[in-house]
Amino acid sequence: MVRARSMLEYLMLLTACTFMPVQEGAAQTKVLAPGENLVTEGLPPIPASLAEEVRRYTEFRSASLADWHPISREILISTRFANTAQIHRVKQPGGARTQLTFFSEPVVAATYEPQAGRYFLFGRDIGGNEFAQIYRYDLADGRITLLTDGGRSQNGGIEWSTRGDRIAYGSTRRNGADRDIWVMDPLDPKTDRLALQVTGGGWYVADWSPDDKMLLVGETISVNESRLWLVDIATGAKNLLTDPGKEKVSYRPARFSKDGAGLYLTYDKDSEFQRLACLDLATRKIAVLVDSIPWDIEDLDLSADGKTIALAANEAGISRLYLLDTGSRQLRRIDAIPVGVIRGLKWHPKENVLGFTLSSARSPADVYSLDADTGRLSRWTESELGGLVAADLVEPRLVRWPSFDGRQITGFLYEPPARFTGQRPVIISIHGGPEGQARPTFLGRDNYFLNELGIALLVPNVRGSVGYGKTFVKLDNGIKREDAVQDIGSLLDWIAQQPSLDADRVMVTGVSYGGYMTLASATHYNDRICCALDVVGISHFGTFLKNTESYRRDLRRAEYGDERDPTLREFFDRTAPLHNAAKITKPLFVVQGGNDPRVPRSEAQQMVGQVRKNGTPVWYLLARDEGHGFRKKENADFQFCATVLFVRQYLLGAPGSAASP
């Protein structure tokens, strides 16, 4: 396949290679041809004019913070200039983005060697298979060295030692199922050794002790339960720091204090939400440090001098940034941060400057920093909107509706511009996870449906979503799974009561677990929707658990239930969208990655085959070079064009019929 060296060349190749003429009667019409790695079944020809029409909604970029340089005030970021995201260097706020990696596969994370920044480490998989390998990039000459086994194993979660001479990371290489902890000097891959052998796929390295003798290791059992262990690096001996007790407790981000005498962490013991606390390593007692924020603390980082903890709180979907003085315990909220969602808090190793990534409804993700001494906020990247105007993009409003059991469910409603009059058609877009949360971040391509087609977009947070307390997260576990589906039925009731929304024109869509919710909604509410779009969704929890990668299986059983249990197996069989496919008579579009390790392609293929037996129109799009969703721009663009065609045909009824004000 020909690769472009620049964005201009990429656009020229796209124009030259993906449009092909098709004879239609006496005239020729150019159509958009799928890329060489795409397989299409049941899709009609996509007019090339459609690709041109939606282009400005597909050319936006985003950027995320990868790491600070250990000495200079400069950063590594991940952003896309051609087909995939790659690592770039930025030397100052608003500075040029200098590309360092050039792969056909995306590279979204990197970490500097913390002594002098002579090299950085990054992970990369192949075709979305998530079997990431760790590589070293030497900045002096641009050479790249493979550090891990290069095989069918998953490697990642890198944490540097305090001295910066070793890394600890997780790997499934021993048997493909258990995520052991390994230690290595990245300058000498032969030093790689197994430091801790474990059972289960939920283990990860949280931190090194200040003297580099101990590792803080986390064990995730489920979203509601986890443990923290102290591991002797020399012997591999591990000691449990957190007492499970009768109550299941979730411990999230954790860091050693500067003096190594304690840990800063968040946990939800005796609380619905994650609270900041300190664990004394001598007594094993935990003291709550911040109890005044009635929301989850979802991220934290400790400054290099140990004097300040940065906290990101999830307040009804919006991020709030706080700084805590570890000496005085005084907490202050930083109000200079634009409204949006914060990810990846990271202090500079030498300076009192905090970096993070921020996204909002009107701005794709970009990198910012906050000088904690002066309060100055700096924007390092300003990602292009690809021809869109930020002021024209829609801010959502929070909506609520009662579900079948009287519980209030919430979501975000994006309404089309005022020029679109009358009742508007609706797309319900359900998040994945299931322990995810719909938040008011940048919609990207989906802005087209609002601004050009006048379609309202509703993103619900059904039961099982995080952000609303641990009780709410558990409400869909095991045999309560279909209670979440009923939340969508109640949402359809709510839509019917809204004078601005058209209950006769509703489409349901979702990715991953949201794909399952889409298929389940299509079986339960076939007479109340026009069509459905399932992206890498689960069609039967029994077959899904059998075929998902082994390092994920027990973690998913904790949420969905154990298919080996006869009661749950019967429940899975009875409620599976696959076994209720005969109820689906409305058009269905299924999108799948060929290398998906989470929801294997068999989940899509078996569903497509069953629904087609009904005589129902089924479109199927498979990308051989993708995994759990499409990450490559050329594939994502084709998927979007096909989705627009599907929406026009089956939600709006005819091309252009609902696009007029």
# chains A, B, ... in the order shown; residues from 1 in each chain; ligands from 1
call {"tool": "select_by_dssp", "arguments": {"residues": "segment 474-620 of chain A", "states": "strand (DSSP E)", "output": "PyMOL selection string"}}
result
chain A and resi 501-511+531-535+588-593+618-620
call {"tool": "closest_atom_pairs", "arguments": {"of": "segment 603-653 of chain A", "to": "segment 531-545 of chain A", "cutoff": "8 Å", "atoms": "only C-alpha atoms", "output": "Markdown table"}}
result
| residue | atom | partner | partner_atom | distance |
| --- | --- | --- | --- | --- |
| A:Glu603 | CA | A:Ser539 | CA | 5.5 |
| A:Ala604 | CA | A:Gly537 | CA | 7.0 |
| A:Gln606 | CA | A:Ser539 | CA | 7.9 |
| A:Met607 | CA | A:Ser539 | CA | 6.3 |
| A:His628 | CA | A:Val536 | CA | 6.4 |
| A:Gly629 | CA | A:Val536 | CA | 6.6 |
| A:Tyr650 | CA | A:Cys531 | CA | 6.3 |
| A:Leu651 | CA | A:Cys531 | CA | 6.6 |
call {"tool": "write_last_selection", "arguments": {"atoms": "N, CA and C atoms", "output": "short mmCIF file (atom, residue, chain, number, x, y, z; two decimals), in the first residue's frame"}}
result
data_model
loop_
_atom_site.label_atom_id
_atom_site.label_comp_id
_atom_site.auth_asym_id
_atom_site.auth_seq_id
_atom_site.Cartn_x
_atom_site.Cartn_y
_atom_site.Cartn_z
N GLU A 603 -18.59 -12.59 17.27
CA GLU A 603 -19.80 -11.99 17.83
C GLU A 603 -20.59 -11.24 16.77
N ALA A 604 -19.89 -10.56 15.89
CA ALA A 604 -20.55 -9.83 14.81
C ALA A 604 -21.06 -10.78 13.74
N GLN A 606 -21.89 -13.97 13.79
CA GLN A 606 -23.04 -14.81 14.12
C GLN A 606 -24.32 -13.98 14.16
N MET A 607 -24.22 -12.72 14.59
CA MET A 607 -25.41 -11.87 14.64
C MET A 607 -25.87 -11.49 13.24
N HIS A 628 -10.49 -3.19 18.34
CA HIS A 628 -11.71 -2.81 19.06
C HIS A 628 -12.09 -1.37 18.69
N GLY A 629 -12.57 -1.22 17.46
CA GLY A 629 -12.88 0.10 16.91
C GLY A 629 -11.83 0.50 15.89
N TYR A 650 -32.35 5.13 6.31
CA TYR A 650 -33.25 4.41 7.21
C TYR A 650 -33.78 5.25 8.38
N LEU A 651 -33.08 6.31 8.77
CA LEU A 651 -33.60 7.18 9.82
C LEU A 651 -34.37 8.36 9.23
#
call {"tool": "closest_residue", "arguments": {"among": "A:Thr145, A:Asn155, A:Ser490, A:Thr101", "to": "Arg400 of chain A", "atoms": "only C-alpha atoms"}}
result
A:Ser490
call {"tool": "residues_around", "arguments": {"residues": "Pro349 of chain A", "least_positions_apart": "4", "cutoff": "9 Å", "atoms": "only C-alpha atoms", "output": "PyMOL selection string"}}
result
chain A and resi 68-71+114+303-305+353
call {"tool": "closest_atom_pairs", "arguments": {"of": "segment 435-549 of chain A", "to": "segment 207-223 of chain A", "cutoff": "10 Å", "atoms": "only C-alpha atoms", "output": "CSV"}}
result
residue,atom,partner,partner_atom,distance
A:Glu435,CA,A:Val223,CA,7.2
A:Val466,CA,A:Val223,CA,9.0
A:Lys470,CA,A:Val223,CA,8.8
A:Val473,CA,A:Val223,CA,8.3
A:Lys474,CA,A:Val223,CA,9.1
call {"tool": "closest_residue", "arguments": {"among": "A:Lys238, A:His348, A:Lys632, A:Arg56", "to": "Asn37 of chain A", "atoms": "only C-alpha atoms"}}
result
A:Lys632
call {"tool": "residues_around", "arguments": {"residues": "Leu345 of chain A", "least_positions_apart": "4", "cutoff": "9 Å", "atoms": "only C-alpha atoms", "output": "list in words"}}
result
Leu65, Asp299, Leu300, Asp301, Ala310, Leu311, Ala312, Leu354, Gly355, Phe356 and Thr357 of chain A
call {"tool": "residues_around", "arguments": {"residues": "Thr283 of chain A", "least_positions_apart": "2", "cutoff": "12 Å", "atoms": "only C-alpha atoms", "output": "list in words"}}
result
Leu241, Thr242, Ala261, Gly262, Leu263, Cys278, Leu279, Asp280, Leu281, Lys285, Ile286 and Ala287 of chain A
call {"tool": "residues_around", "arguments": {"residues": "Glu382 of chain A", "least_positions_apart": "6", "cutoff": "9 Å", "atoms": "only C-alpha atoms", "output": "PDB file with C-alpha atoms, in the first residue's frame"}}
result
ATOM      1  CA  SER A  62      -6.600  16.054  18.723  1.00  0.00           C
ATOM      2  CA  ALA A  63      -3.533  15.872  20.952  1.00  0.00           C
ATOM      3  CA  GLY A  94       1.988  26.827  21.001  1.00  0.00           C
ATOM      4  CA  SER A 363     -12.692  21.652  21.289  1.00  0.00           C
ATOM      5  CA  PRO A 364     -10.941  18.351  20.585  1.00  0.00           C
ATOM      6  CA  ALA A 365      -8.436  17.146  23.156  1.00  0.00           C
ATOM      7  CA  ASP A 366      -5.457  19.465  23.623  1.00  0.00           C
ATOM      8  CA  VAL A 367      -2.532  19.745  26.033  1.00  0.00           C
TER       9      VAL A 367
END
call {"tool": "residues_around", "arguments": {"residues": "Gly340 of chain A", "least_positions_apart": "2", "cutoff": "7 Å", "atoms": "only C-alpha atoms", "output": "JSON, numbers by chain"}}
result
{"A": [318, 319, 338, 342, 358, 359, 360, 440, 441]}
call {"tool": "closest_residue", "arguments": {"among": "A:Ala195, A:Asn635, A:Leu385, A:Val644", "to": "Pro34 of chain A", "atoms": "only C-alpha atoms"}}
result
A:Asn635
call {"tool": "closest_residue", "arguments": {"among": "A:Val508, A:Ala522, A:Ile75, A:Leu555", "to": "Pro93 of chain A", "atoms": "only C-alpha atoms"}}
result
A:Ile75
call {"tool": "closest_atom_pairs", "arguments": {"of": "segment 516-614 of chain A", "to": "segment 158-180 of chain A", "cutoff": "9 Å", "atoms": "only C-alpha atoms", "output": "JSON lines"}}
result
{"residue": "A:Glu549", "atom": "CA", "partner": "A:Ala177", "partner_atom": "CA", "distance": 7.8}
{"residue": "A:Ser550", "atom": "CA", "partner": "A:Ala177", "partner_atom": "CA", "distance": 4.9}
{"residue": "A:Tyr551", "atom": "CA", "partner": "A:Ala177", "partner_atom": "CA", "distance": 4.0}
{"residue": "A:Arg552", "atom": "CA", "partner": "A:Ala177", "partner_atom": "CA", "distance": 7.7}
{"residue": "A:Arg553", "atom": "CA", "partner": "A:Ala177", "partner_atom": "CA", "distance": 8.6}
call {"tool": "write_last_selection", "arguments": {"atoms": "N, CA and C atoms", "output": "mmCIF file, in the first residue's frame"}}
result
data_model
loop_
_atom_site.group_PDB
_atom_site.id
_atom_site.type_symbol
_atom_site.label_atom_id
_atom_site.label_comp_id
_atom_site.auth_asym_id
_atom_site.auth_seq_id
_atom_site.Cartn_x
_atom_site.Cartn_y
_atom_site.Cartn_z
ATOM 1 N N GLU A 549 -10.067 -12.607 24.841
ATOM 2 C CA GLU A 549 -8.711 -12.982 25.237
ATOM 3 C C GLU A 549 -8.686 -13.371 26.724
ATOM 4 N N SER A 550 -7.893 -14.386 27.041
ATOM 5 C CA SER A 550 -7.927 -14.997 28.369
ATOM 6 C C SER A 550 -7.519 -14.036 29.472
ATOM 7 N N TYR A 551 -6.658 -13.041 29.184
ATOM 8 C CA TYR A 551 -6.243 -12.117 30.233
ATOM 9 C C TYR A 551 -7.375 -11.185 30.657
ATOM 10 N N ARG A 552 -8.482 -11.150 29.891
ATOM 11 C CA ARG A 552 -9.619 -10.296 30.210
ATOM 12 C C ARG A 552 -10.792 -11.071 30.818
ATOM 13 N N ARG A 553 -10.780 -12.390 30.701
ATOM 14 C CA ARG A 553 -11.989 -13.180 30.949
ATOM 15 C C ARG A 553 -12.510 -13.045 32.378
#
call {"tool": "select_by_dssp", "arguments": {"residues": "segment 287-492 of chain A", "states": "helix (DSSP H, G or I)", "output": "CSV table (one decimal) with N, CA and C atoms, in the first residue's frame"}}
result
chain,number,residue,atom,x,y,z
A,390,ALA,N,-15.7,26.6,16.0
A,390,ALA,CA,-15.9,26.2,17.4
A,390,ALA,C,-17.3,26.8,17.9
A,391,ALA,N,-17.5,28.0,17.6
A,391,ALA,CA,-18.7,28.7,18.1
A,391,ALA,C,-20.0,28.0,17.5
A,392,ASP,N,-19.9,27.3,16.4
A,392,ASP,CA,-21.1,26.7,15.8
A,392,ASP,C,-21.3,25.3,16.4
A,444,GLY,N,-16.6,15.2,17.4
A,444,GLY,CA,-15.9,14.9,16.1
A,444,GLY,C,-16.8,14.8,14.9
A,445,ARG,N,-16.8,13.7,14.2
A,445,ARG,CA,-17.6,13.5,13.0
A,445,ARG,C,-19.1,13.6,13.3
A,446,ASP,N,-19.5,13.2,14.5
A,446,ASP,CA,-20.9,13.2,14.8
A,446,ASP,C,-21.6,14.6,14.8
A,447,ASN,N,-20.7,15.7,14.8
A,447,ASN,CA,-21.3,17.0,14.7
A,447,ASN,C,-22.0,17.2,13.3
A,448,TYR,N,-21.7,16.4,12.4
A,448,TYR,CA,-22.3,16.4,11.1
A,448,TYR,C,-23.8,16.1,11.2
A,449,PHE,N,-24.2,15.2,12.0
A,449,PHE,CA,-25.6,14.8,12.2
A,449,PHE,C,-26.4,16.0,12.8
A,450,LEU,N,-25.8,16.7,13.7
A,450,LEU,CA,-26.5,17.8,14.3
A,450,LEU,C,-26.6,19.0,13.3
A,451,ASN,N,-25.4,19.4,12.8
A,451,ASN,CA,-25.3,20.7,12.0
A,451,ASN,C,-25.9,20.6,10.6
A,470,LYS,N,-21.0,4.0,43.7
A,470,LYS,CA,-20.7,2.5,43.5
A,470,LYS,C,-22.0,1.7,43.5
A,471,THR,N,-23.1,2.2,44.2
A,471,THR,CA,-24.3,1.4,44.1
A,471,THR,C,-24.9,1.4,42.7
A,472,PHE,N,-24.8,2.6,42.1
A,472,PHE,CA,-25.4,2.7,40.7
A,472,PHE,C,-24.6,1.8,39.7
A,473,VAL,N,-23.3,1.7,39.9
A,473,VAL,CA,-22.4,0.9,39.1
A,473,VAL,C,-22.8,-0.6,39.1
A,474,LYS,N,-23.3,-1.1,40.3
A,474,LYS,CA,-23.6,-2.5,40.5
A,474,LYS,C,-25.0,-2.9,40.0
A,475,LEU,N,-25.8,-1.9,39.6
A,475,LEU,CA,-27.2,-2.1,39.3
A,475,LEU,C,-27.5,-3.0,38.1
A,476,ASP,N,-26.5,-3.2,37.3
A,476,ASP,CA,-26.7,-4.0,36.0
A,476,ASP,C,-25.9,-5.3,36.1
A,478,GLY,N,-24.6,-9.1,36.4
A,478,GLY,CA,-25.2,-10.5,36.3
A,478,GLY,C,-26.6,-10.5,35.7
A,479,ILE,N,-27.5,-11.1,36.5
A,479,ILE,CA,-28.9,-11.3,36.0
A,479,ILE,C,-29.7,-10.0,36.0
A,480,LYS,N,-29.1,-8.9,36.4
A,480,LYS,CA,-29.7,-7.6,36.3
A,480,LYS,C,-29.4,-6.8,35.0
A,481,ARG,N,-28.8,-7.5,34.1
A,481,ARG,CA,-28.3,-6.9,32.9
A,481,ARG,C,-29.4,-6.2,32.1
A,482,GLU,N,-30.5,-6.8,32.0
A,482,GLU,CA,-31.6,-6.2,31.2
A,482,GLU,C,-32.3,-5.0,31.9
A,483,ASP,N,-32.0,-4.8,33.1
A,483,ASP,CA,-32.5,-3.6,33.7
A,483,ASP,C,-31.9,-2.3,33.0
A,484,ALA,N,-30.7,-2.4,32.6
A,484,ALA,CA,-30.1,-1.3,31.9
A,484,ALA,C,-30.8,-1.1,30.5
A,485,VAL,N,-31.2,-2.3,29.9
A,485,VAL,CA,-31.9,-2.2,28.6
A,485,VAL,C,-33.2,-1.5,28.8
A,486,GLN,N,-33.9,-1.8,30.0
A,486,GLN,CA,-35.1,-1.1,30.3
A,486,GLN,C,-34.9,0.4,30.5
A,487,ASP,N,-33.7,0.8,30.9
A,487,ASP,CA,-33.5,2.3,30.9
A,487,ASP,C,-33.6,2.9,29.6
A,488,ILE,N,-33.3,2.2,28.5
A,488,ILE,CA,-33.4,2.7,27.2
A,488,ILE,C,-34.9,2.7,26.8
A,489,GLY,N,-35.7,1.7,27.2
A,489,GLY,CA,-37.1,1.8,27.0
A,489,GLY,C,-37.8,3.0,27.6
A,490,SER,N,-37.3,3.3,28.8
A,490,SER,CA,-37.9,4.5,29.5
A,490,SER,C,-37.4,5.7,28.8
A,491,LEU,N,-36.2,5.7,28.3
A,491,LEU,CA,-35.8,6.9,27.5
A,491,LEU,C,-36.6,7.1,26.2
A,492,LEU,N,-37.0,6.0,25.6
A,492,LEU,CA,-37.9,6.1,24.4
A,492,LEU,C,-39.3,6.7,24.9
call {"tool": "closest_residue", "arguments": {"among": "A:Gln498, A:Gln330, A:Asn224, A:Ser378", "to": "Gly469 of chain A", "atoms": "only C-alpha atoms"}}
result
A:Asn224
call {"tool": "closest_residue", "arguments": {"among": "A:Tyr516, A:Tyr620, A:Trp494, A:Tyr251", "to": "Pro434 of chain A", "atoms": "only C-alpha atoms"}}
result
A:Tyr516
